[in-house]
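Structure file run-v1.txt with compact mmCIF, C-alpha atoms:
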# COMPACT_ATOMS: atom_id res chain seq x y z
CA GLY U 7 -91.36 -65.09 27.11
CA LYS U 8 -90.97 -61.39 27.69
CA GLU U 9 -87.91 -59.81 26.14
CA GLY U 10 -85.96 -56.66 26.72
CA ALA U 11 -83.16 -55.85 24.28
CA SER U 12 -80.43 -53.29 24.64
CA GLU U 13 -77.67 -52.44 22.24
CA GLY U 14 -74.00 -52.57 23.16
CA CYS U 15 -70.75 -52.11 21.30
CA LEU U 16 -67.90 -54.61 21.21
CA THR U 17 -64.47 -53.15 20.56
CA THR U 18 -60.83 -54.05 20.98
CA THR U 19 -58.51 -52.54 23.48
CA ALA U 20 -54.77 -52.35 23.63
CA GLY U 21 -54.92 -55.15 26.17
CA ARG U 22 -56.65 -57.41 23.62
CA PRO U 23 -55.98 -57.01 19.93
CA VAL U 24 -59.55 -56.39 18.83
CA ALA U 25 -60.79 -53.05 17.52
CA CYS U 26 -64.06 -51.96 16.02
CA GLY U 27 -64.26 -54.15 12.98
CA ALA U 28 -61.96 -56.99 13.97
CA GLN U 29 -62.47 -60.65 13.79
CA CYS U 30 -61.99 -62.31 17.17
CA CYS U 31 -60.36 -65.67 16.85
CA SER U 32 -58.22 -67.89 19.00
CA ARG U 33 -54.52 -67.51 18.38
CA SER U 34 -51.98 -70.20 17.73
CA GLU U 35 -48.26 -69.81 17.37
CA SER U 36 -46.36 -71.36 14.48
CA GLU U 37 -42.67 -71.72 13.96
CA SER U 38 -43.05 -71.29 10.23
CA GLY U 39 -44.44 -68.39 8.25
CA ARG U 40 -45.36 -70.76 5.43
CA PHE U 41 -48.98 -71.75 5.12
CA VAL U 42 -51.37 -73.45 2.76
CA PRO U 43 -54.63 -71.61 1.99
CA SER U 44 -57.88 -73.52 1.95
CA ARG U 45 -59.03 -72.03 -1.34
CA ASP U 46 -57.13 -72.27 -4.59
CA ALA U 47 -58.52 -70.05 -7.32
CA GLY U 48 -56.64 -71.48 -10.26
CA THR U 49 -54.31 -74.42 -9.99
CA MET U 50 -56.33 -76.13 -12.69
CA ASN U 51 -56.66 -74.62 -16.14
CA PHE U 52 -59.97 -74.38 -17.92
CA LEU U 53 -59.42 -77.57 -19.98
CA GLY U 54 -59.18 -79.63 -16.81
CA PHE U 55 -55.49 -80.49 -17.09
CA LYS U 56 -53.22 -80.56 -14.09
CA ALA U 57 -51.69 -77.28 -13.01
CA PRO U 58 -48.62 -76.39 -15.09
CA CYS U 59 -46.81 -75.21 -11.96
CA THR U 60 -47.04 -74.93 -8.21
CA VAL U 61 -47.19 -71.54 -6.51
CA ASP U 62 -46.16 -70.93 -2.91
CA VAL U 63 -45.89 -67.72 -0.89
CA GLU U 64 -44.10 -67.11 2.40
CA LEU U 65 -45.20 -63.90 4.08
CA PHE U 66 -43.12 -61.61 6.30
CA LYS U 67 -43.36 -58.27 8.03
CA GLU U 68 -40.90 -55.41 7.68
CA GLY U 69 -37.30 -56.51 8.14
CA GLY U 70 -38.06 -60.15 7.40
CA GLU U 71 -39.92 -60.74 10.68
CA LYS U 72 -42.35 -63.64 10.53
CA PRO U 73 -45.93 -62.71 11.44
CA LYS U 74 -47.88 -64.47 14.15
CA MET U 75 -50.34 -67.10 13.00
CA VAL U 76 -54.02 -67.13 13.95
CA THR U 77 -56.82 -69.61 13.41
CA VAL U 78 -59.90 -68.20 11.68
CA ARG U 79 -63.04 -69.60 10.15
CA SER U 80 -63.07 -69.62 6.35
CA ALA U 81 -66.10 -68.91 4.17
CA SER U 82 -66.78 -72.67 4.00
CA GLY U 83 -66.80 -72.87 7.80
CA VAL U 84 -63.48 -74.72 8.00
CA SER U 85 -60.79 -73.43 10.35
CA GLU U 86 -57.55 -72.31 8.73
CA THR U 87 -54.31 -70.88 10.13
CA ILE U 88 -53.11 -67.68 8.45
CA PRO U 89 -50.66 -64.82 9.19
CA LEU U 90 -51.75 -61.86 11.30
CA TYR U 91 -51.13 -58.18 10.47
CA LYS U 92 -52.41 -54.81 11.65
CA ASP U 93 -53.03 -51.42 10.09
CA GLY U 94 -49.87 -49.64 8.92
CA GLU U 95 -47.67 -52.73 8.78
CA THR U 96 -45.58 -53.79 5.80
CA VAL U 97 -46.63 -56.97 3.99
CA SER U 98 -43.68 -58.57 2.24
CA GLY U 99 -42.71 -62.03 1.18
CA VAL U 100 -41.23 -64.47 -1.30
CA CYS U 101 -43.23 -66.10 -4.08
CA THR U 102 -41.90 -69.42 -5.40
CA ILE U 103 -43.12 -70.80 -8.74
CA THR U 104 -42.06 -74.32 -9.71
CA PRO U 105 -42.87 -75.81 -13.13
CA ALA U 106 -44.55 -79.20 -13.11
CA PHE U 107 -43.49 -82.22 -15.16
CA GLY U 108 -40.06 -80.70 -15.83
CA LYS U 109 -41.41 -78.75 -18.80
CA LYS U 110 -41.09 -75.10 -19.70
CA ILE U 111 -44.05 -72.74 -19.34
CA ASP U 112 -44.70 -69.82 -21.66
CA HIS U 113 -46.39 -66.89 -19.96
CA GLN U 114 -47.28 -63.25 -20.54
CA GLY U 115 -46.03 -62.02 -17.17
CA VAL U 116 -46.35 -62.56 -13.42
CA LYS U 117 -48.00 -60.12 -11.04
CA ILE U 118 -48.55 -60.12 -7.28
CA GLU U 119 -51.45 -58.16 -5.80
CA LEU U 120 -52.47 -57.24 -2.27
CA LEU U 121 -56.25 -57.04 -2.16
CA GLY U 122 -58.73 -56.02 0.51
CA GLN U 123 -62.11 -57.39 -0.51
CA ILE U 124 -65.70 -57.44 0.67
CA GLU U 125 -67.65 -60.41 -0.65
CA ALA U 126 -71.43 -60.23 -0.53
CA TYR U 127 -72.92 -63.72 -0.68
CA TYR U 128 -76.37 -62.33 -1.47
CA ASP U 129 -74.96 -60.60 -4.60
CA LYS U 130 -73.92 -63.83 -6.33
CA GLY U 131 -70.60 -63.89 -4.52
CA SER U 132 -69.37 -60.63 -6.04
CA PHE U 133 -66.20 -58.99 -4.71
CA TYR U 134 -65.71 -55.30 -3.94
CA ASP U 135 -62.03 -54.30 -3.77
CA PHE U 136 -61.40 -51.48 -1.30
CA ILE U 137 -57.62 -52.05 -1.47
CA ALA U 138 -55.77 -53.02 -4.65
CA SER U 139 -52.00 -52.75 -4.86
CA VAL U 140 -50.07 -54.47 -7.69
CA ARG U 141 -46.45 -55.47 -8.25
CA GLU U 142 -45.38 -56.65 -11.74
CA VAL U 143 -42.57 -59.04 -10.84
CA ALA U 144 -41.90 -60.59 -14.26
CA GLY U 145 -42.52 -59.70 -17.91
CA PRO U 146 -43.45 -62.10 -20.72
CA GLY U 147 -41.15 -65.08 -21.09
CA GLU U 148 -40.79 -68.75 -20.33
CA LEU U 149 -40.27 -70.64 -17.10
CA LYS U 150 -37.92 -73.63 -17.18
CA GLU U 151 -37.01 -74.06 -13.53
CA GLU U 152 -37.99 -72.92 -10.07
CA VAL U 153 -37.93 -69.15 -9.68
CA LYS U 154 -38.41 -66.89 -6.66
CA PHE U 155 -39.81 -63.35 -6.61
CA ASP U 156 -39.41 -60.98 -3.68
CA PHE U 157 -42.22 -58.48 -3.14
CA GLU U 158 -43.16 -55.78 -0.64
CA PHE U 159 -46.22 -53.67 0.09
CA PRO U 160 -44.92 -51.04 2.56
CA LYS U 161 -46.99 -49.59 5.41
CA MET U 162 -50.38 -50.64 4.09
CA GLU U 163 -53.49 -48.82 5.26
CA MET U 164 -55.70 -51.66 6.54
CA VAL U 165 -58.23 -49.99 8.82
CA ASN U 166 -60.98 -52.53 8.08
CA GLU U 167 -60.61 -55.80 9.89
CA THR U 168 -61.13 -59.37 8.79
CA TYR U 169 -64.71 -60.63 9.21
CA SER U 170 -66.64 -63.74 8.19
CA GLY U 171 -70.40 -63.59 8.64
CA VAL U 172 -73.62 -65.11 7.36
CA ASN U 173 -74.09 -62.99 4.22
CA VAL U 174 -70.78 -61.17 3.89
CA ARG U 175 -67.09 -61.47 4.58
CA LEU U 176 -64.18 -59.05 4.56
CA ARG U 177 -60.85 -60.57 3.67
CA TYR U 178 -57.28 -59.72 2.73
CA VAL U 179 -55.27 -61.79 0.25
CA VAL U 180 -51.96 -61.80 -1.56
CA LYS U 181 -52.90 -62.88 -5.07
CA VAL U 182 -50.38 -64.37 -7.49
CA THR U 183 -51.27 -64.43 -11.21
CA MET U 184 -49.25 -65.96 -14.03
CA VAL U 185 -50.89 -64.67 -17.20
CA ARG U 186 -51.13 -67.19 -20.04
CA SER U 187 -52.64 -66.63 -23.45
CA TYR U 188 -53.97 -70.17 -23.69
CA ARG U 189 -55.02 -72.93 -21.29
CA GLY U 190 -55.93 -70.26 -18.77
CA SER U 191 -53.92 -68.17 -16.34
CA VAL U 192 -52.60 -69.60 -13.09
CA VAL U 193 -54.13 -67.74 -10.13
CA LYS U 194 -53.67 -68.48 -6.45
CA ASP U 195 -54.82 -66.59 -3.33
CA PHE U 196 -52.96 -66.52 -0.01
CA PRO U 197 -55.19 -65.02 2.71
CA PHE U 198 -54.02 -63.20 5.81
CA CYS U 199 -55.84 -61.74 8.80
CA VAL U 200 -55.98 -58.09 9.94
CA ARG U 201 -56.82 -57.06 13.50
CA ASN U 202 -56.37 -53.67 15.09
CA THR U 203 -56.44 -52.32 18.62
CA SER U 204 -58.17 -49.23 19.94
CA ILE U 205 -57.95 -47.12 23.09
CA LEU U 206 -60.58 -47.58 25.77
CA PRO U 207 -63.35 -44.99 25.31
CA GLU U 208 -63.30 -42.05 27.71
CA ILE U 209 -67.10 -42.03 27.88
CA ASN U 210 -68.76 -45.40 28.44
CA ASN U 211 -72.29 -44.85 29.68
CA SER U 212 -74.30 -47.52 31.45
CA ILE U 213 -77.36 -49.17 29.93
CA LYS U 214 -80.54 -48.78 31.96
CA MET U 215 -84.08 -49.69 30.94
CA GLU U 216 -87.47 -50.45 32.44
CA VAL U 217 -89.82 -52.96 30.80
CA GLY U 218 -92.89 -54.92 31.79
CA ILE U 219 -96.56 -55.74 31.39
CA GLU U 220 -99.10 -53.37 32.89
CA ASP U 221 -100.26 -54.50 36.34
CA CYS U 222 -98.45 -57.86 35.90
CA LEU U 223 -94.71 -57.42 35.64
CA HIS U 224 -92.34 -54.51 36.04
CA ILE U 225 -88.58 -55.01 35.91
CA GLU U 226 -85.61 -52.72 35.63
CA PHE U 227 -82.26 -53.86 34.32
CA GLU U 228 -78.96 -52.04 34.39
CA TYR U 229 -75.59 -52.88 32.84
CA LYS U 230 -72.48 -51.15 34.06
CA LYS U 231 -71.37 -49.97 30.60
CA SER U 232 -72.38 -50.06 26.94
CA LYS U 233 -68.99 -50.71 25.29
CA TYR U 234 -66.98 -53.85 25.93
CA HIS U 235 -63.78 -55.40 24.63
CA LEU U 236 -63.75 -59.06 23.70
CA LYS U 237 -62.11 -60.21 26.93
CA ASP U 238 -64.37 -58.05 29.09
CA VAL U 239 -66.81 -59.04 31.81
CA LEU U 240 -70.43 -57.93 31.54
CA VAL U 241 -71.69 -56.82 34.95
CA GLY U 242 -75.26 -55.79 35.70
CA LYS U 243 -78.33 -56.11 37.90
CA ILE U 244 -82.01 -56.88 37.35
CA TYR U 245 -84.62 -55.48 39.76
CA PHE U 246 -88.13 -56.91 40.07
CA LEU U 247 -90.37 -53.98 40.97
CA LEU U 248 -93.67 -55.82 40.42
CA VAL U 249 -94.30 -59.55 39.99
CA GLN U 250 -97.89 -60.76 39.49
CA ILE U 251 -97.17 -63.67 37.14
CA LYS U 252 -95.44 -66.97 37.90
CA LEU U 253 -92.02 -66.92 36.30
CA LYS U 254 -89.98 -70.10 35.88
CA HIS U 255 -86.59 -68.85 34.76
CA MET U 256 -84.76 -65.96 33.13
CA GLU U 257 -81.83 -65.93 30.71
CA LEU U 258 -79.59 -63.37 29.07
CA GLU U 259 -78.77 -63.64 25.38
CA ILE U 260 -76.08 -61.98 23.28
CA ARG U 261 -77.41 -61.45 19.76
CA ARG U 262 -75.49 -60.37 16.69
CA ARG U 263 -77.32 -58.55 13.91
CA GLU U 264 -75.59 -58.44 10.54
CA THR U 265 -76.98 -55.91 8.05
CA THR U 266 -75.92 -56.05 4.41
CA GLY U 267 -77.00 -54.15 1.30
CA SER U 268 -79.35 -51.17 1.26
CA GLY U 269 -82.92 -50.23 0.38
CA SER U 270 -84.97 -53.07 -1.06
CA ASN U 271 -81.83 -55.21 -1.22
CA GLN U 272 -81.09 -54.93 2.50
CA TYR U 273 -80.67 -58.18 4.39
CA ASN U 274 -80.70 -58.63 8.16
CA GLU U 275 -79.46 -61.77 9.85
CA THR U 276 -79.71 -62.19 13.63
CA GLN U 277 -77.75 -64.89 15.42
CA THR U 278 -77.86 -65.86 19.07
CA MET U 279 -74.19 -65.99 20.04
CA ALA U 280 -74.64 -66.81 23.73
CA LYS U 281 -77.30 -67.90 26.22
CA TYR U 282 -76.75 -67.53 29.93
CA GLU U 283 -79.29 -68.48 32.59
CA VAL U 284 -79.34 -65.83 35.30
CA MET U 285 -82.33 -67.07 37.35
CA ASP U 286 -84.03 -70.39 38.02
CA GLY U 287 -87.24 -70.15 40.02
CA ALA U 288 -89.90 -67.58 40.80
CA PRO U 289 -88.72 -64.10 41.89
CA VAL U 290 -90.53 -61.90 44.38
CA LYS U 291 -91.16 -58.19 44.45
CA GLY U 292 -88.07 -56.22 45.42
CA GLU U 293 -85.65 -58.99 44.49
CA CYS U 294 -82.36 -58.07 42.77
CA VAL U 295 -80.59 -60.59 40.50
CA PRO U 296 -76.89 -59.91 39.77
CA ILE U 297 -75.35 -60.62 36.35
CA ARG U 298 -71.73 -61.46 35.64
CA LEU U 299 -70.96 -62.77 32.16
CA PHE U 300 -67.43 -63.43 30.80
CA LEU U 301 -67.36 -62.53 27.10
CA SER U 302 -64.13 -64.39 26.37
CA ALA U 303 -66.04 -67.69 26.45
CA TYR U 304 -67.96 -66.82 23.27
CA ASP U 305 -67.06 -66.46 19.59
CA LEU U 306 -67.72 -62.73 19.22
CA THR U 307 -66.43 -60.06 16.87
CA PRO U 308 -66.23 -56.33 17.50
CA THR U 309 -68.91 -53.98 16.23
CA TYR U 310 -68.65 -52.99 12.54
CA LYS U 311 -70.17 -49.64 11.59
CA ASN U 312 -71.15 -49.28 7.92
CA ILE U 313 -67.95 -50.70 6.44
CA ASN U 314 -67.55 -49.14 2.97
CA ASN U 315 -71.35 -48.78 2.81
CA LYS U 316 -71.53 -52.56 2.44
CA PHE U 317 -72.36 -54.01 5.85
CA SER U 318 -72.71 -53.38 9.56
CA VAL U 319 -72.60 -55.63 12.62
CA LYS U 320 -74.27 -54.75 15.92
CA TYR U 321 -74.60 -56.60 19.21
CA PHE U 322 -77.61 -56.64 21.54
CA LEU U 323 -78.23 -57.92 25.05
CA ASN U 324 -81.57 -59.68 25.14
CA LEU U 325 -83.31 -60.51 28.41
CA VAL U 326 -85.81 -63.39 28.21
CA LEU U 327 -88.26 -64.34 30.98
CA VAL U 328 -90.28 -67.58 30.77
CA ASP U 329 -93.37 -68.30 32.87
CA GLU U 330 -94.61 -71.67 34.18
CA GLU U 331 -96.59 -72.23 30.98
CA ASP U 332 -93.39 -71.80 28.92
CA ARG U 333 -94.58 -68.53 27.46
Before anything else, please render the file you have as structure tokens.
Amino acid sequence: GKEGASEGCLTTTAGRPVACGAQCCSRSESESGRFVPSRDAGTMNFLGFKAPCTVDVELFKEGGEKPKMVTVRSASGVSETIPLYKDGETVSGVCTITPAFGKKIDHQGVKIELLGQIEAYYDKGSFYDFIASVREVAGPGELKEEVKFDFEFPKMEMVNETYSGVNVRLRYVVKVTMVRSYRGSVVKDFPFCVRNTSILPEINNSIKMEVGIEDCLHIEFEYKKSKYHLKDVLVGKIYFLLVQIKLKHMELEIRRRETTGSGSNQYNETQTMAKYEVMDGAPVKGECVPIRLFLSAYDLTPTYKNINNKFSVKYFLNLVLVDEEDR
């Protein structure tokens, strides 16, 4: 088939909470701010014994307001429901630690961290912390009964938005660590999601391009604009200026290109996020085919531009024409 690709930018507008760099996921309301994360970094100590205690965190916003809950895809591909925040909001909560087996636990202190991390799968799962804020909530001592710790991270700068891709993910977690000198520390992560909104761009130029095969095919396609929010509608037209080959059908693809690393360690992954048939049958010279594609039907994220020099995500519109010989 003959292809014509054009680059567009997906952003978030105030009408839809998605900004450049946000993860677009379906939302679900929850009456409770309590949640159970899918990944537990340390409820088992290194000797393989059962966890000496259980750790739970209930997250709030400023003033004790419970955050909305959203459903996102974890690194393992499983959907999980986690709290939603945006840039500049306060992340607060209550951490509850309950000893197991009714026994006391000696520890060297308890700390609660708010971390913003970029995990590169190609780099042996290493984490890069671009946000690291720590609260020491307890000094060395022993734990005999259930104890609660209040914590607060006021007005956090969280301009990067949650993302889970093929080779990289950007995540935010509240991390609870009970330091122990033997049998290993108890560590547990509680993830949350960050999405931001942005104002509609003042300048949003159209995309227009001519492609073809000399003396065989000449088409011109035009899209109304080059920047879209995740609930937008893609509107365009395709003009057939010359048709000397027998075409069977034509489809429009939305492709996502994820770029990670740099130099010789740069990795590019391209995924086809959507396929939409815009023509079935042979066109004739002078024919105009309209395009109207609703983006809300697809699992898209906004465009990410060189986030902390670690990764970028771009979107392309790809036009594919197939002839009667399936070429």
Within 7 Å of Ile88 (chain U), counting only C-alpha atoms, which residues show up once you throw out same-chain ones fewer than 2 positions away? Write them as a PyMOL selection string, please.
-> chain U and resi 41+75-77+86+90+197-199
Work out how far apart CA of Arg201 (chain U) and CA of Gly242 (chain U) are and give it in Å to one decimal.
->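 That distance, rounded to one decimal, is 28.9 Å.
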Per-residue nearest contacts of region 153-249 of chain U to region 291-301 of chain U (10 Å; only C-alpha atoms) as a Markdown table:
| residue | atom | partner | partner_atom | distance |
| --- | --- | --- | --- | --- |
| U:Leu223 | CA | U:Lys291 | CA | 9.5 |
| U:His224 | CA | U:Lys291 | CA | 9.3 |
| U:Ile225 | CA | U:Lys291 | CA | 9.5 |
| U:Glu226 | CA | U:Cys294 | CA | 9.5 |
| U:Phe227 | CA | U:Val295 | CA | 9.3 |
| U:Glu228 | CA | U:Ile297 | CA | 9.5 |
| U:Tyr229 | CA | U:Ile297 | CA | 8.5 |
| U:Tyr234 | CA | U:Leu301 | CA | 8.8 |
| U:His235 | CA | U:Leu301 | CA | 8.4 |
| U:Leu236 | CA | U:Leu301 | CA | 6.1 |
| U:Lys237 | CA | U:Leu301 | CA | 5.7 |
| U:Asp238 | CA | U:Leu301 | CA | 5.7 |
| U:Val239 | CA | U:Phe300 | CA | 4.5 |
| U:Leu240 | CA | U:Leu299 | CA | 4.9 |
| U:Val241 | CA | U:Arg298 | CA | 4.7 |
| U:Gly242 | CA | U:Ile297 | CA | 4.9 |
| U:Lys243 | CA | U:Pro296 | CA | 4.5 |
| U:Ile244 | CA | U:Val295 | CA | 5.1 |
| U:Tyr245 | CA | U:Cys294 | CA | 4.6 |
| U:Phe246 | CA | U:Gly292 | CA | 5.4 |
| U:Leu247 | CA | U:Gly292 | CA | 5.5 |
| U:Leu248 | CA | U:Lys291 | CA | 5.3 |
| U:Val249 | CA | U:Lys291 | CA | 5.6 |
I need the residues from that last selection saved to file as a PDB file, keeping the file's coordinate frame (with C-alpha atoms), if you can.
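Writing the result to result.pdb gives the following:
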ATOM      1  CA  LEU U 223     -94.710 -57.420  35.640  1.00  0.00           C
ATOM      2  CA  HIS U 224     -92.340 -54.510  36.040  1.00  0.00           C
ATOM      3  CA  ILE U 225     -88.580 -55.010  35.910  1.00  0.00           C
ATOM      4  CA  GLU U 226     -85.610 -52.720  35.630  1.00  0.00           C
ATOM      5  CA  PHE U 227     -82.260 -53.860  34.320  1.00  0.00           C
ATOM      6  CA  GLU U 228     -78.960 -52.040  34.390  1.00  0.00           C
ATOM      7  CA  TYR U 229     -75.590 -52.880  32.840  1.00  0.00           C
ATOM      8  CA  TYR U 234     -66.980 -53.850  25.930  1.00  0.00           C
ATOM      9  CA  HIS U 235     -63.780 -55.400  24.630  1.00  0.00           C
ATOM     10  CA  LEU U 236     -63.750 -59.060  23.700  1.00  0.00           C
ATOM     11  CA  LYS U 237     -62.110 -60.210  26.930  1.00  0.00           C
ATOM     12  CA  ASP U 238     -64.370 -58.050  29.090  1.00  0.00           C
ATOM     13  CA  VAL U 239     -66.810 -59.040  31.810  1.00  0.00           C
ATOM     14  CA  LEU U 240     -70.430 -57.930  31.540  1.00  0.00           C
ATOM     15  CA  VAL U 241     -71.690 -56.820  34.950  1.00  0.00           C
ATOM     16  CA  GLY U 242     -75.260 -55.790  35.700  1.00  0.00           C
ATOM     17  CA  LYS U 243     -78.330 -56.110  37.900  1.00  0.00           C
ATOM     18  CA  ILE U 244     -82.010 -56.880  37.350  1.00  0.00           C
ATOM     19  CA  TYR U 245     -84.620 -55.480  39.760  1.00  0.00           C
ATOM     20  CA  PHE U 246     -88.130 -56.910  40.070  1.00  0.00           C
ATOM     21  CA  LEU U 247     -90.370 -53.980  40.970  1.00  0.00           C
ATOM     22  CA  LEU U 248     -93.670 -55.820  40.420  1.00  0.00           C
ATOM     23  CA  VAL U 249     -94.300 -59.550  39.990  1.00  0.00           C
TER      24      VAL U 249
END
For Lys181 (chain U), which of U:Val84, U:Ile213, U:Val63, U:Leu120 is the closest residue, counting all atoms listed in the file?
->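 The closest residue to Lys181 (chain U) is U:Leu120.
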Among listed residues U:Asn202, U:Ser212, U:Ser270, U:Gln277, nearest Asp93 (chain U) (using all atoms listed in the file) = U:Asn202
Compare U:Lys233, U:Val180, U:Glu158, U:Glu151 by their minimum atom-to-atom distance to Lys194 (chain U), counting all atoms listed in the file, and give me the closest one.
->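 Among the listed residues, U:Val180 lies closest to Lys194 (chain U).
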Distance in Å - CA of Arg262 (chain U) versus CA of Tyr310 (chain U) |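 If I compute the distance from CA of Arg262 (chain U) to CA of Tyr310 (chain U), I get 10.9 Å.
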Within 12 Å of region 313-323 of chain U, which residues of region 111-218 of chain U come that close, and what is the closest atom pair and distance in Å for each? Count all atoms listed in the file and give it as a tab-separated table.
residue	atom	partner	partner_atom	distance
U:Gly122	CA	U:Asn314	CA	11.5
U:Gln123	CA	U:Asn314	CA	10.5
U:Ile124	CA	U:Lys316	CA	7.8
U:Glu125	CA	U:Lys316	CA	9.3
U:Ala126	CA	U:Lys316	CA	8.2
U:Tyr127	CA	U:Lys316	CA	11.7
U:Tyr128	CA	U:Lys316	CA	11.6
U:Asp129	CA	U:Lys316	CA	11.2
U:Ser132	CA	U:Lys316	CA	11.9
U:Phe133	CA	U:Lys316	CA	11.0
U:Tyr134	CA	U:Lys316	CA	9.1
U:Asp135	CA	U:Asn314	CA	10.1
U:Phe136	CA	U:Asn314	CA	7.8
U:Ile137	CA	U:Asn314	CA	11.3
U:Val165	CA	U:Ile313	CA	10.0
U:Asn166	CA	U:Ile313	CA	7.4
U:Glu167	CA	U:Ile313	CA	9.6
U:Thr168	CA	U:Ile313	CA	11.3
U:Tyr169	CA	U:Val319	CA	9.9
U:Ser170	CA	U:Val319	CA	11.0
U:Gly171	CA	U:Val319	CA	9.2
U:Val172	CA	U:Val319	CA	10.9
U:Asn173	CA	U:Phe317	CA	9.3
U:Val174	CA	U:Phe317	CA	7.6
U:Arg175	CA	U:Phe317	CA	9.2
U:Leu176	CA	U:Ile313	CA	9.4
U:Ile213	CA	U:Leu323	CA	10.1
U:Lys214	CA	U:Leu323	CA	11.7
U:Met215	CA	U:Leu323	CA	11.7
Would you write out those residues with C-alpha atoms, as a PDB file, in the frame of the given file?
ATOM      1  CA  GLY U 122     -58.730 -56.020   0.510  1.00  0.00           C
ATOM      2  CA  GLN U 123     -62.110 -57.390  -0.510  1.00  0.00           C
ATOM      3  CA  ILE U 124     -65.700 -57.440   0.670  1.00  0.00           C
ATOM      4  CA  GLU U 125     -67.650 -60.410  -0.650  1.00  0.00           C
ATOM      5  CA  ALA U 126     -71.430 -60.230  -0.530  1.00  0.00           C
ATOM      6  CA  TYR U 127     -72.920 -63.720  -0.680  1.00  0.00           C
ATOM      7  CA  TYR U 128     -76.370 -62.330  -1.470  1.00  0.00           C
ATOM      8  CA  ASP U 129     -74.960 -60.600  -4.600  1.00  0.00           C
ATOM      9  CA  SER U 132     -69.370 -60.630  -6.040  1.00  0.00           C
ATOM     10  CA  PHE U 133     -66.200 -58.990  -4.710  1.00  0.00           C
ATOM     11  CA  TYR U 134     -65.710 -55.300  -3.940  1.00  0.00           C
ATOM     12  CA  ASP U 135     -62.030 -54.300  -3.770  1.00  0.00           C
ATOM     13  CA  PHE U 136     -61.400 -51.480  -1.300  1.00  0.00           C
ATOM     14  CA  ILE U 137     -57.620 -52.050  -1.470  1.00  0.00           C
ATOM     15  CA  VAL U 165     -58.230 -49.990   8.820  1.00  0.00           C
ATOM     16  CA  ASN U 166     -60.980 -52.530   8.080  1.00  0.00           C
ATOM     17  CA  GLU U 167     -60.610 -55.800   9.890  1.00  0.00           C
ATOM     18  CA  THR U 168     -61.130 -59.370   8.790  1.00  0.00           C
ATOM     19  CA  TYR U 169     -64.710 -60.630   9.210  1.00  0.00           C
ATOM     20  CA  SER U 170     -66.640 -63.740   8.190  1.00  0.00           C
ATOM     21  CA  GLY U 171     -70.400 -63.590   8.640  1.00  0.00           C
ATOM     22  CA  VAL U 172     -73.620 -65.110   7.360  1.00  0.00           C
ATOM     23  CA  ASN U 173     -74.090 -62.990   4.220  1.00  0.00           C
ATOM     24  CA  VAL U 174     -70.780 -61.170   3.890  1.00  0.00           C
ATOM     25  CA  ARG U 175     -67.090 -61.470   4.580  1.00  0.00           C
ATOM     26  CA  LEU U 176     -64.180 -59.050   4.560  1.00  0.00           C
ATOM     27  CA  ILE U 213     -77.360 -49.170  29.930  1.00  0.00           C
ATOM     28  CA  LYS U 214     -80.540 -48.780  31.960  1.00  0.00           C
ATOM     29  CA  MET U 215     -84.080 -49.690  30.940  1.00  0.00           C
TER      30      MET U 215
END
So how many Å separate CA of Lys161 (chain U) and CA of Cys101 (chain U), to one decimal?
->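 Distance reported for this atom pair: 19.4 Å.
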Closest of U:Glu264, U:Asp329, U:Glu68, U:Asp305 to Met285 (chain U) - atom-to-atom distances counting all atoms listed in the file =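 Of the candidates, the smallest distance to Met285 (chain U) is held by U:Asp329.
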Any idea what's packed within 9 Å of Val185 (chain U), counting all atoms listed in the file, ignoring anything in its chain fewer than 4 positions away? Could you give it as a PyMOL selection string?
-> chain U and resi 113-117+146+190-193
Could you name the residues that touch Met279 (chain U) at 9 Å or less, counting only C-alpha atoms, but leaving out those on the same chain fewer than 5 positions away, as a list in words?
-> Glu259, Ile260, Arg261, Arg262, Tyr304, Asp305 and Leu306 of chain U
Rank nothing, just name the residue among U:Val182, U:Ala303, U:Leu325, U:Ile205 nearest to Glu257 (chain U), using all atoms listed in the file.
-> U:Leu325
Enumerate, in order of chain and increasing residue number, the residues of region 154-246 of chain U with an atom no farther than 12 Å from region 104-110 of chain U, each with its shortest atom pair and distance in Å to one decimal, counting all atoms listed in the file, as a tab-separated table.
residue	atom	partner	partner_atom	distance
U:Lys154	CA	U:Thr104	CA	8.8
U:Phe155	CA	U:Thr104	CA	11.6
U:Met184	CA	U:Pro105	CA	11.8
U:Val192	CA	U:Pro105	CA	11.5
Report as a compact mmCIF listing (two decimals) with C-alpha atoms, in the frame of the given file all protein, DNA and RNA residues lying within 12 Å of Glu331 (chain U), evaluated on all atoms listed in the file, omitting residues in the same chain fewer than 4 positions from it.
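File produced: part-v4.txt:
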# COMPACT_ATOMS: atom_id res chain seq x y z
CA GLY U 7 -91.36 -65.09 27.11
CA ILE U 251 -97.17 -63.67 37.14
CA LYS U 252 -95.44 -66.97 37.90
CA LEU U 253 -92.02 -66.92 36.30
CA LYS U 254 -89.98 -70.10 35.88
CA HIS U 255 -86.59 -68.85 34.76
CA LEU U 327 -88.26 -64.34 30.98
Given the choices U:Ser98, U:Arg263, U:Lys67, U:Cys59, which gets closest to Leu149 (chain U) if the distance is worked out from all atoms listed in the file?
->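 Closest to Leu149 (chain U), using all atoms listed in the file: U:Cys59.
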